[in-house]
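Pasting input-v3.cif here (mmCIF, C-alpha atoms and all ligand atoms):
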```cif
data_model
loop_
_atom_site.group_PDB
_atom_site.id
_atom_site.type_symbol
_atom_site.label_atom_id
_atom_site.label_comp_id
_atom_site.auth_asym_id
_atom_site.auth_seq_id
_atom_site.Cartn_x
_atom_site.Cartn_y
_atom_site.Cartn_z
ATOM 1 C CA MET Y 1 0.000 0.000 0.000
ATOM 2 C CA ASN Y 2 1.500 3.347 -0.996
ATOM 3 C CA ALA Y 3 1.060 6.542 1.030
ATOM 4 C CA LYS Y 4 -1.676 7.984 -1.213
ATOM 5 C CA GLU Y 5 -3.721 4.793 -1.038
ATOM 6 C CA CYS Y 6 -3.214 4.589 2.729
ATOM 7 C CA LEU Y 7 -4.382 8.174 3.222
ATOM 8 C CA GLU Y 8 -7.360 7.872 0.893
ATOM 9 C CA THR Y 9 -8.667 4.498 2.099
ATOM 10 C CA ARG Y 10 -8.284 4.920 5.867
ATOM 11 C CA ARG Y 11 -11.709 5.419 7.428
ATOM 12 C CA SER Y 12 -12.903 5.858 10.976
ATOM 13 C CA ILE Y 13 -14.086 2.366 11.896
ATOM 14 C CA ARG Y 14 -16.751 1.976 14.576
ATOM 15 C CA LYS Y 15 -17.683 -1.710 14.136
ATOM 16 C CA TYR Y 16 -15.115 -4.429 14.715
ATOM 17 C CA LYS Y 17 -14.740 -8.177 14.425
ATOM 18 C CA SER Y 18 -14.185 -9.829 17.794
ATOM 19 C CA ASP Y 19 -10.638 -10.990 16.876
ATOM 20 C CA ALA Y 20 -7.909 -9.584 19.092
ATOM 21 C CA ILE Y 21 -5.044 -7.643 17.514
ATOM 22 C CA PRO Y 22 -2.015 -9.957 17.919
ATOM 23 C CA VAL Y 23 0.739 -8.513 20.110
ATOM 24 C CA ASP Y 24 3.318 -8.694 17.288
ATOM 25 C CA VAL Y 25 0.989 -6.746 14.953
ATOM 26 C CA LEU Y 26 0.491 -4.112 17.631
ATOM 27 C CA ASN Y 27 4.242 -3.876 18.151
ATOM 28 C CA GLU Y 28 4.794 -3.449 14.400
ATOM 29 C CA ILE Y 29 2.206 -0.664 14.292
ATOM 30 C CA VAL Y 30 3.928 1.202 17.129
ATOM 31 C CA GLU Y 31 7.368 0.585 15.609
ATOM 32 C CA THR Y 32 6.061 2.303 12.454
ATOM 33 C CA ALA Y 33 4.210 5.059 14.310
ATOM 34 C CA LYS Y 34 7.437 6.001 16.105
ATOM 35 C CA TYR Y 35 8.604 7.673 12.878
ATOM 36 C CA ALA Y 36 6.063 10.463 13.442
ATOM 37 C CA PRO Y 37 7.739 13.872 13.590
ATOM 38 C CA SER Y 38 7.914 15.655 16.941
ATOM 39 C CA TRP Y 39 9.035 19.015 18.303
ATOM 40 C CA LYS Y 40 12.861 18.937 18.347
ATOM 41 C CA ASN Y 41 12.489 15.144 18.158
ATOM 42 C CA THR Y 42 11.241 15.141 21.764
ATOM 43 C CA GLN Y 43 9.094 12.030 21.038
ATOM 44 C CA ILE Y 44 6.606 12.843 23.773
ATOM 45 C CA ALA Y 45 3.836 10.449 22.619
ATOM 46 C CA ARG Y 46 3.106 7.237 24.501
ATOM 47 C CA TYR Y 47 0.649 4.509 23.458
ATOM 48 C CA HIS Y 48 -1.288 2.697 26.187
ATOM 49 C CA VAL Y 49 -3.178 -0.264 24.775
ATOM 50 C CA VAL Y 50 -6.076 -1.520 26.877
ATOM 51 C CA THR Y 51 -7.488 -4.986 26.173
ATOM 52 C CA ASN Y 52 -8.448 -5.773 29.782
ATOM 53 C CA THR Y 53 -12.245 -6.155 29.772
ATOM 54 C CA GLU Y 54 -12.886 -4.403 33.087
ATOM 55 C CA MET Y 55 -10.666 -1.449 32.203
ATOM 56 C CA LYS Y 56 -12.287 -1.170 28.772
ATOM 57 C CA LYS Y 57 -15.741 -1.105 30.372
ATOM 58 C CA LYS Y 58 -14.656 1.632 32.775
ATOM 59 C CA ILE Y 59 -13.273 3.762 29.939
ATOM 60 C CA ALA Y 60 -16.288 3.153 27.679
ATOM 61 C CA ASN Y 61 -18.918 3.745 30.369
ATOM 62 C CA ASP Y 62 -17.398 6.281 32.750
ATOM 63 C CA CYS Y 63 -14.856 8.301 30.735
ATOM 64 C CA VAL Y 64 -16.761 9.556 27.674
ATOM 65 C CA CYS Y 65 -18.505 12.605 29.203
ATOM 66 C CA ASP Y 66 -21.872 10.841 28.705
ATOM 67 C CA PHE Y 67 -21.400 10.746 24.923
ATOM 68 C CA THR Y 68 -22.875 7.242 24.595
ATOM 69 C CA PHE Y 69 -22.204 7.102 20.846
ATOM 70 C CA ASN Y 70 -18.549 6.576 21.818
ATOM 71 C CA THR Y 71 -19.474 4.090 24.556
ATOM 72 C CA LYS Y 72 -20.936 1.769 21.913
ATOM 73 C CA THR Y 73 -17.837 1.962 19.731
ATOM 74 C CA LEU Y 74 -15.427 1.477 22.619
ATOM 75 C CA LEU Y 75 -17.277 -1.434 24.227
ATOM 76 C CA HIS Y 76 -17.070 -3.470 21.038
ATOM 77 C CA ALA Y 77 -13.518 -2.548 20.079
ATOM 78 C CA PRO Y 78 -11.022 -5.320 20.893
ATOM 79 C CA ALA Y 79 -8.523 -2.660 21.960
ATOM 80 C CA ILE Y 80 -8.632 0.903 23.230
ATOM 81 C CA VAL Y 81 -5.461 2.870 22.595
ATOM 82 C CA ILE Y 82 -4.881 5.857 24.834
ATOM 83 C CA VAL Y 83 -2.366 8.263 23.317
ATOM 84 C CA THR Y 84 -0.691 10.316 26.025
ATOM 85 C CA TYR Y 85 2.018 12.924 25.917
ATOM 86 C CA VAL Y 86 4.851 13.631 28.325
ATOM 87 C CA THR Y 87 4.458 17.216 29.495
ATOM 88 C CA LYS Y 88 6.812 20.206 29.675
ATOM 89 C CA ARG Y 89 9.092 19.287 26.769
ATOM 90 C CA CYS Y 90 7.316 20.024 23.534
ATOM 91 C CA GLY Y 91 7.029 23.789 22.972
ATOM 92 C CA TYR Y 92 9.263 24.573 25.965
ATOM 93 C CA GLU Y 93 12.742 26.004 26.372
ATOM 94 C CA ARG Y 94 15.197 24.379 28.778
ATOM 95 C CA ASP Y 95 14.435 27.052 31.390
ATOM 96 C CA GLY Y 96 10.735 26.064 31.343
ATOM 97 C CA SER Y 97 9.523 29.078 29.361
ATOM 98 C CA PHE Y 98 7.421 28.689 26.223
ATOM 99 C CA THR Y 99 9.245 28.905 22.907
ATOM 100 C CA THR Y 100 6.327 30.457 20.990
ATOM 101 C CA SER Y 101 3.059 32.260 21.595
ATOM 102 C CA LYS Y 102 1.220 28.961 21.198
ATOM 103 C CA GLY Y 103 2.418 28.033 24.675
ATOM 104 C CA ASP Y 104 1.782 24.405 25.591
ATOM 105 C CA ARG Y 105 -0.530 23.772 22.638
ATOM 106 C CA TRP Y 106 2.341 22.163 20.718
ATOM 107 C CA GLU Y 107 1.947 19.188 23.060
ATOM 108 C CA MET Y 108 -1.535 18.423 21.734
ATOM 109 C CA PHE Y 109 -0.380 19.192 18.216
ATOM 110 C CA ASN Y 110 2.273 16.482 18.587
ATOM 111 C CA ALA Y 111 -0.208 14.072 20.179
ATOM 112 C CA GLY Y 112 -2.460 14.591 17.143
ATOM 113 C CA ILE Y 113 0.334 13.776 14.731
ATOM 114 C CA ALA Y 114 1.179 10.689 16.798
ATOM 115 C CA ALA Y 115 -2.458 9.566 16.824
ATOM 116 C CA GLN Y 116 -2.868 9.928 13.067
ATOM 117 C CA THR Y 117 0.457 8.232 12.374
ATOM 118 C CA PHE Y 118 -0.666 5.322 14.563
ATOM 119 C CA CYS Y 119 -3.964 5.105 12.636
ATOM 120 C CA LEU Y 120 -2.235 5.098 9.257
ATOM 121 C CA ALA Y 121 0.272 2.465 10.382
ATOM 122 C CA ALA Y 122 -2.641 0.393 11.712
ATOM 123 C CA HIS Y 123 -4.578 0.754 8.449
ATOM 124 C CA GLU Y 124 -1.580 -0.545 6.521
ATOM 125 C CA LYS Y 125 -1.749 -3.683 8.709
ATOM 126 C CA GLY Y 126 -5.510 -4.066 8.118
ATOM 127 C CA VAL Y 127 -6.415 -2.756 11.574
ATOM 128 C CA GLY Y 128 -9.265 -0.244 11.753
ATOM 129 C CA THR Y 129 -9.264 2.701 14.129
ATOM 130 C CA CYS Y 130 -11.395 5.605 15.258
ATOM 131 C CA ILE Y 131 -9.860 8.640 16.931
ATOM 132 C CA MET Y 132 -12.102 10.083 19.642
ATOM 133 C CA GLY Y 133 -11.995 13.531 21.128
ATOM 134 C CA ILE Y 134 -14.836 13.328 23.631
ATOM 135 C CA PHE Y 135 -13.356 11.875 26.819
ATOM 136 C CA ASP Y 136 -12.616 12.776 30.421
ATOM 137 C CA ASP Y 137 -8.822 12.825 30.593
ATOM 138 C CA ALA Y 138 -8.659 12.954 34.395
ATOM 139 C CA LYS Y 139 -10.827 9.843 34.726
ATOM 140 C CA ILE Y 140 -8.844 7.960 32.091
ATOM 141 C CA ALA Y 141 -5.606 8.915 33.857
ATOM 142 C CA GLU Y 142 -7.068 7.363 36.997
ATOM 143 C CA VAL Y 143 -8.090 4.126 35.254
ATOM 144 C CA LEU Y 144 -4.621 3.779 33.729
ATOM 145 C CA ASN Y 145 -2.844 5.028 36.833
ATOM 146 C CA LEU Y 146 -0.826 7.365 34.603
ATOM 147 C CA PRO Y 147 2.278 9.098 35.970
ATOM 148 C CA GLU Y 148 1.704 12.806 36.698
ATOM 149 C CA ASN Y 149 3.834 13.943 33.763
ATOM 150 C CA GLN Y 150 1.611 12.210 31.188
ATOM 151 C CA ILE Y 151 -1.657 13.696 29.892
ATOM 152 C CA VAL Y 152 -4.244 11.971 27.716
ATOM 153 C CA GLY Y 153 -4.248 13.459 24.215
ATOM 154 C CA ALA Y 154 -6.488 11.093 22.283
ATOM 155 C CA VAL Y 155 -8.527 7.930 22.616
ATOM 156 C CA ILE Y 156 -8.433 5.490 19.703
ATOM 157 C CA ALA Y 157 -10.731 2.479 19.317
ATOM 158 C CA ALA Y 158 -8.974 -0.282 17.367
ATOM 159 C CA GLY Y 159 -9.699 -3.679 15.867
ATOM 160 C CA TYR Y 160 -10.265 -5.538 12.623
ATOM 161 C CA PRO Y 161 -13.026 -3.732 10.657
ATOM 162 C CA ASP Y 162 -16.507 -5.223 10.427
ATOM 163 C CA GLU Y 163 -17.781 -2.419 8.193
ATOM 164 C CA THR Y 164 -16.579 -0.582 5.082
ATOM 165 C CA PRO Y 165 -17.895 2.967 5.403
ATOM 166 C CA GLU Y 166 -17.916 5.384 2.494
ATOM 167 C CA ALA Y 167 -15.571 8.344 2.858
ATOM 168 C CA PRO Y 168 -17.467 11.353 4.212
ATOM 169 C CA ALA Y 169 -17.354 14.233 1.701
ATOM 170 C CA ARG Y 170 -14.171 16.291 1.596
ATOM 171 C CA LYS Y 171 -13.664 19.923 0.669
ATOM 172 C CA GLY Y 172 -11.548 20.263 -2.455
ATOM 173 C CA ALA Y 173 -8.289 22.099 -3.047
ATOM 174 C CA ASP Y 174 -10.356 24.926 -4.555
ATOM 175 C CA ILE Y 175 -11.539 25.636 -0.986
ATOM 176 C CA ILE Y 176 -8.761 24.521 1.336
ATOM 177 C CA LEU Y 177 -5.750 25.617 -0.717
ATOM 178 C CA THR Y 178 -4.580 29.224 -0.959
ATOM 179 C CA ARG Y 179 -1.507 29.905 -3.091
ATOM 180 C CA TYR Y 180 0.750 32.969 -2.913
ATOM 181 C CA GLU Y 181 2.783 33.312 -6.080
HETATM 182 C C1 LIG Y 201 -9.768 15.112 16.793
HETATM 183 C C2 LIG Y 201 -10.815 14.145 16.354
HETATM 184 C C3 LIG Y 201 -11.842 13.806 17.221
HETATM 185 C C4 LIG Y 201 -12.816 12.874 16.836
HETATM 186 N N1 LIG Y 201 -13.761 12.502 17.751
HETATM 187 C C5 LIG Y 201 -14.610 11.497 17.430
HETATM 188 C C6 LIG Y 201 -15.473 10.974 18.424
HETATM 189 O O1 LIG Y 201 -15.492 11.405 19.574
HETATM 190 N N2 LIG Y 201 -16.296 9.942 18.062
HETATM 191 C C7 LIG Y 201 -16.292 9.404 16.790
HETATM 192 O O2 LIG Y 201 -17.056 8.455 16.537
HETATM 193 N N3 LIG Y 201 -15.471 9.900 15.830
HETATM 194 C C8 LIG Y 201 -14.616 10.910 16.124
HETATM 195 N N4 LIG Y 201 -13.724 11.369 15.168
HETATM 196 C C9 LIG Y 201 -13.733 10.797 13.795
HETATM 197 C C10 LIG Y 201 -14.341 11.779 12.777
HETATM 198 O O3 LIG Y 201 -15.734 11.830 12.930
HETATM 199 C C11 LIG Y 201 -13.923 11.330 11.354
HETATM 200 O O4 LIG Y 201 -12.533 11.376 11.228
HETATM 201 C C12 LIG Y 201 -14.563 12.199 10.260
HETATM 202 O O5 LIG Y 201 -15.953 12.088 10.257
HETATM 203 C C13 LIG Y 201 -14.045 11.801 8.862
HETATM 204 O O6 LIG Y 201 -14.275 10.420 8.614
HETATM 205 P P1 LIG Y 201 -13.083 9.422 8.248
HETATM 206 O O7 LIG Y 201 -12.135 9.401 9.416
HETATM 207 O O8 LIG Y 201 -13.727 8.084 8.030
HETATM 208 O O9 LIG Y 201 -12.409 9.912 7.018
HETATM 209 C C14 LIG Y 201 -12.769 12.295 15.531
HETATM 210 C C15 LIG Y 201 -11.721 12.635 14.664
HETATM 211 C C16 LIG Y 201 -10.756 13.541 15.071
HETATM 212 C C17 LIG Y 201 -9.592 13.835 14.139
#
```

Please lay out the structure from this file as structure tokens.
Amino acid sequence: MNAKECLETRRSIRKYKSDAIPVDVLNEIVETAKYAPSWKNTQIARYHVVTNTEMKKKIANDCVCDFTFNTKTLLHAPAIVIVTYVTKRCGYERDGSFTTSKGDRWEMFNAGIAAQTFCLAAHEKGVGTCIMGIFDDAKIAEVLNLPENQIVGAVIAAGYPDETPEAPARKGADIILTRYE
């Protein structure tokens, strides 16, 4: 699969077969995702993969800010991937000050790149994913017992697809591209 095909055929998958993602496949996905770019190569993203049934239930039921649409997806996903980022590195100078006016928002920017890179690497291995933005990060941190210097950046449901959704419509280059010549 080339990059164009990978980008164009990846879809958000919300229905999964019950098959688990083998550990070696998961490792390969993360070994590919590690090539994501990061601020000064700080590599702040961490991937926490939850397959434990009780933990999955807690995340799906108690950590989605009552957005039950996500509960359904998460409960049936064989794996829930929590993308976290290590704080106070990305976007910071050595003395702890911010490098730019965006302050600490570069941390989430990097988490987003890491999440998408994970999803593309997963797609290449036939694993479907759905990035989710509606979650309670404090509650998830509690379920995972995360160290204080890691913050939840994204929740990703993952598993082998049991649906083949059409691509939702995209805006064309005529709208999203501005050229300055
Ligand atoms: C930051 C972000 C947050 C999202 N949050 C959710 C979510 O909470 N629940 C969900 O089902 N999909 C979520 N999505 C998936 C989008 O709905 C999806 O990417 C979009 O509709 C385009 O569809 P596609 O991914 O199949 O191309 C999210 C995607 C992104 C990038």

Restrict the calculation to all atoms listed in the file, then for each residue of chain Y with any atom at most 9 Å from an atom of ligand LIG 201 (chain Y) give the closest atom pair and their distance in Å to one decimal, rows by chain and rising residue number, as CSV.
```
residue,atom,partner,partner_atom,distance
Y:Glu8,CA,Y:LIG201,O9,8.2
Y:Thr9,CA,Y:LIG201,O9,8.2
Y:Arg10,CA,Y:LIG201,O9,6.6
Y:Arg11,CA,Y:LIG201,O8,3.4
Y:Ser12,CA,Y:LIG201,O8,3.8
Y:Ile13,CA,Y:LIG201,O8,6.9
Y:Arg14,CA,Y:LIG201,O2,6.8
Y:Val64,CA,Y:LIG201,O1,8.4
Y:Phe67,CA,Y:LIG201,O1,8.0
Y:Phe69,CA,Y:LIG201,O2,6.8
Y:Asn70,CA,Y:LIG201,N2,5.5
Y:Thr73,CA,Y:LIG201,O2,7.3
Y:Gly112,CA,Y:LIG201,C1,7.3
Y:Ala115,CA,Y:LIG201,C17,8.7
Y:Gln116,CA,Y:LIG201,C17,7.9
Y:Thr129,CA,Y:LIG201,O7,8.7
Y:Cys130,CA,Y:LIG201,C9,5.9
Y:Ile131,CA,Y:LIG201,C14,4.9
Y:Met132,CA,Y:LIG201,N1,3.5
Y:Gly133,CA,Y:LIG201,C3,3.9
Y:Ile134,CA,Y:LIG201,O1,4.5
Y:Phe135,CA,Y:LIG201,O1,7.6
Y:Ala154,CA,Y:LIG201,C1,7.6
Y:Val155,CA,Y:LIG201,O1,8.4
Y:Ile156,CA,Y:LIG201,C5,8.9
Y:Pro165,CA,Y:LIG201,O8,7.1
Y:Glu166,CA,Y:LIG201,O8,7.4
Y:Ala167,CA,Y:LIG201,O9,5.5
Y:Pro168,CA,Y:LIG201,O6,5.5
Y:Ala169,CA,Y:LIG201,C13,8.3
Y:Arg170,CA,Y:LIG201,C13,8.5
```

**Study point:** Near-Ile44 (chain Y) list (8 Å; all atoms listed in the file; drop same-chain fewer than 6 positions) as an MDAnalysis selection string
**Key:** chainID Y and resid 38 85:87 89:90 107 110:111

Exercise for review: Go through Y:Cys65, Y:Ala36, Y:Ala79, Y:Leu74 and flag the residue nearest Ile113 (chain Y), using all atoms listed in the file for the distances.
Suggested key: Y:Ala36

Review point. If the PyMOL selection byres (((chain Y and resi 50) around 8) and not hetatm) is run on the structure shown, which residues does it catch, given as a ChimeraX atom specification?
Key: /Y:48-49,51-52,55-56,79-82

Exercise for review: Excluding Asn2 (chain Y) and residues on its chain fewer than 4 positions from it, collect all residues at most 12 Å away from it, counting all atoms listed in the file, and give them as a list of chain:residue names.
Suggested key: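 Returned residues: Y:Cys6, Y:Leu7, Y:Glu8, Y:Thr9, Y:Leu120, Y:Ala121, Y:His123, Y:Glu124.
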
**Study point:** Among listed residues Y:Ala138, Y:Met108, Y:Val127, Y:Leu177, nearest Ile29 (chain Y) (using all atoms listed in the file)
**Key:**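 So, comparing all the options, the nearest one is Y:Val127.
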
Practice item. Would you mind reading off the distance between CA of Tyr160 (chain Y) and CA of Gln43 (chain Y), one decimal, in Å? Key: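 Atom-to-atom, CA of Tyr160 (chain Y) to CA of Gln43 (chain Y), that is 27.5 Å.
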
Point to revise | Gap from CA of Cys119 (chain Y) to CA of Ala3 (chain Y) - Å, one decimal | key: 12.7 Å

**Study point:** Two-atom distance - CA of Lys72 (chain Y), CA of Lys139 (chain Y) (Å)
**Key:**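 Between these atoms lies a distance of 18.2 Å.
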
Practice item. Show which residues sit within 12 Å of Glu54 (chain Y), as a ChimeraX atom specification. Count all atoms listed in the file, and ignore same-chain residues fewer than 5 positions away. Key: /Y:59-62,75,80,143-144

Practice item. Find, counting all atoms listed in the file, the residue in Y:Ala33, Y:Ala158, Y:Leu146, Y:Met1 that gets nearest to His76 (chain Y). Key: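 For His76 (chain Y), the nearest of the candidates is Y:Ala158.
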
Need the axis-aligned box for region 156-172 of chain Y with 3 Å each side, so what are the centre and edges in Å to one decimal, as AutoDock Vina command-line options?
```
--center_x -13.2 --center_y 7.4 --center_z 8.6 --size_x 15.5 --size_y 31.8 --size_z 28.2
```

Review point. Which residues match the PyMOL selection byres (((chain Y and resi 21) around 8) and not hetatm) in the file above, as JSON, numbers by chain?
Key: {"Y": [19, 20, 22, 23, 25, 26, 78, 79, 127, 159, 160]}

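Around Thr84 (chain Y), within 8 Å and counting only C-alpha atoms, the residues found are Ala45, Arg46, Tyr47, His48, Ala111, Gln150, Ile151, Val152, Gly153 and Ala154 of chain Y, once anything fewer than 6 positions away on its own chain is removed.
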
Practice item. Using all atoms listed in the file, pick whichever of Y:Lys34, Y:Lys102, Y:Lys171, Y:Lys88 has the shortest atom-to-atom distance to Asn149 (chain Y). Key: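 Selected residue with least distance to Asn149 (chain Y): Y:Lys88.
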
Within 12 Å of Thr100 (chain Y), counting all atoms listed in the file, which residues qualify if same-chain residues fewer than 6 places away don't, as a PDB file with C-alpha atoms, keeping the file's coordinate frame?
```pdb
ATOM      1  CA  CYS Y  90       7.316  20.024  23.534  1.00  0.00           C
ATOM      2  CA  GLY Y  91       7.029  23.789  22.972  1.00  0.00           C
ATOM      3  CA  TYR Y  92       9.263  24.573  25.965  1.00  0.00           C
ATOM      4  CA  GLU Y  93      12.742  26.004  26.372  1.00  0.00           C
ATOM      5  CA  TRP Y 106       2.341  22.163  20.718  1.00  0.00           C
TER       6      TRP Y 106
END
```
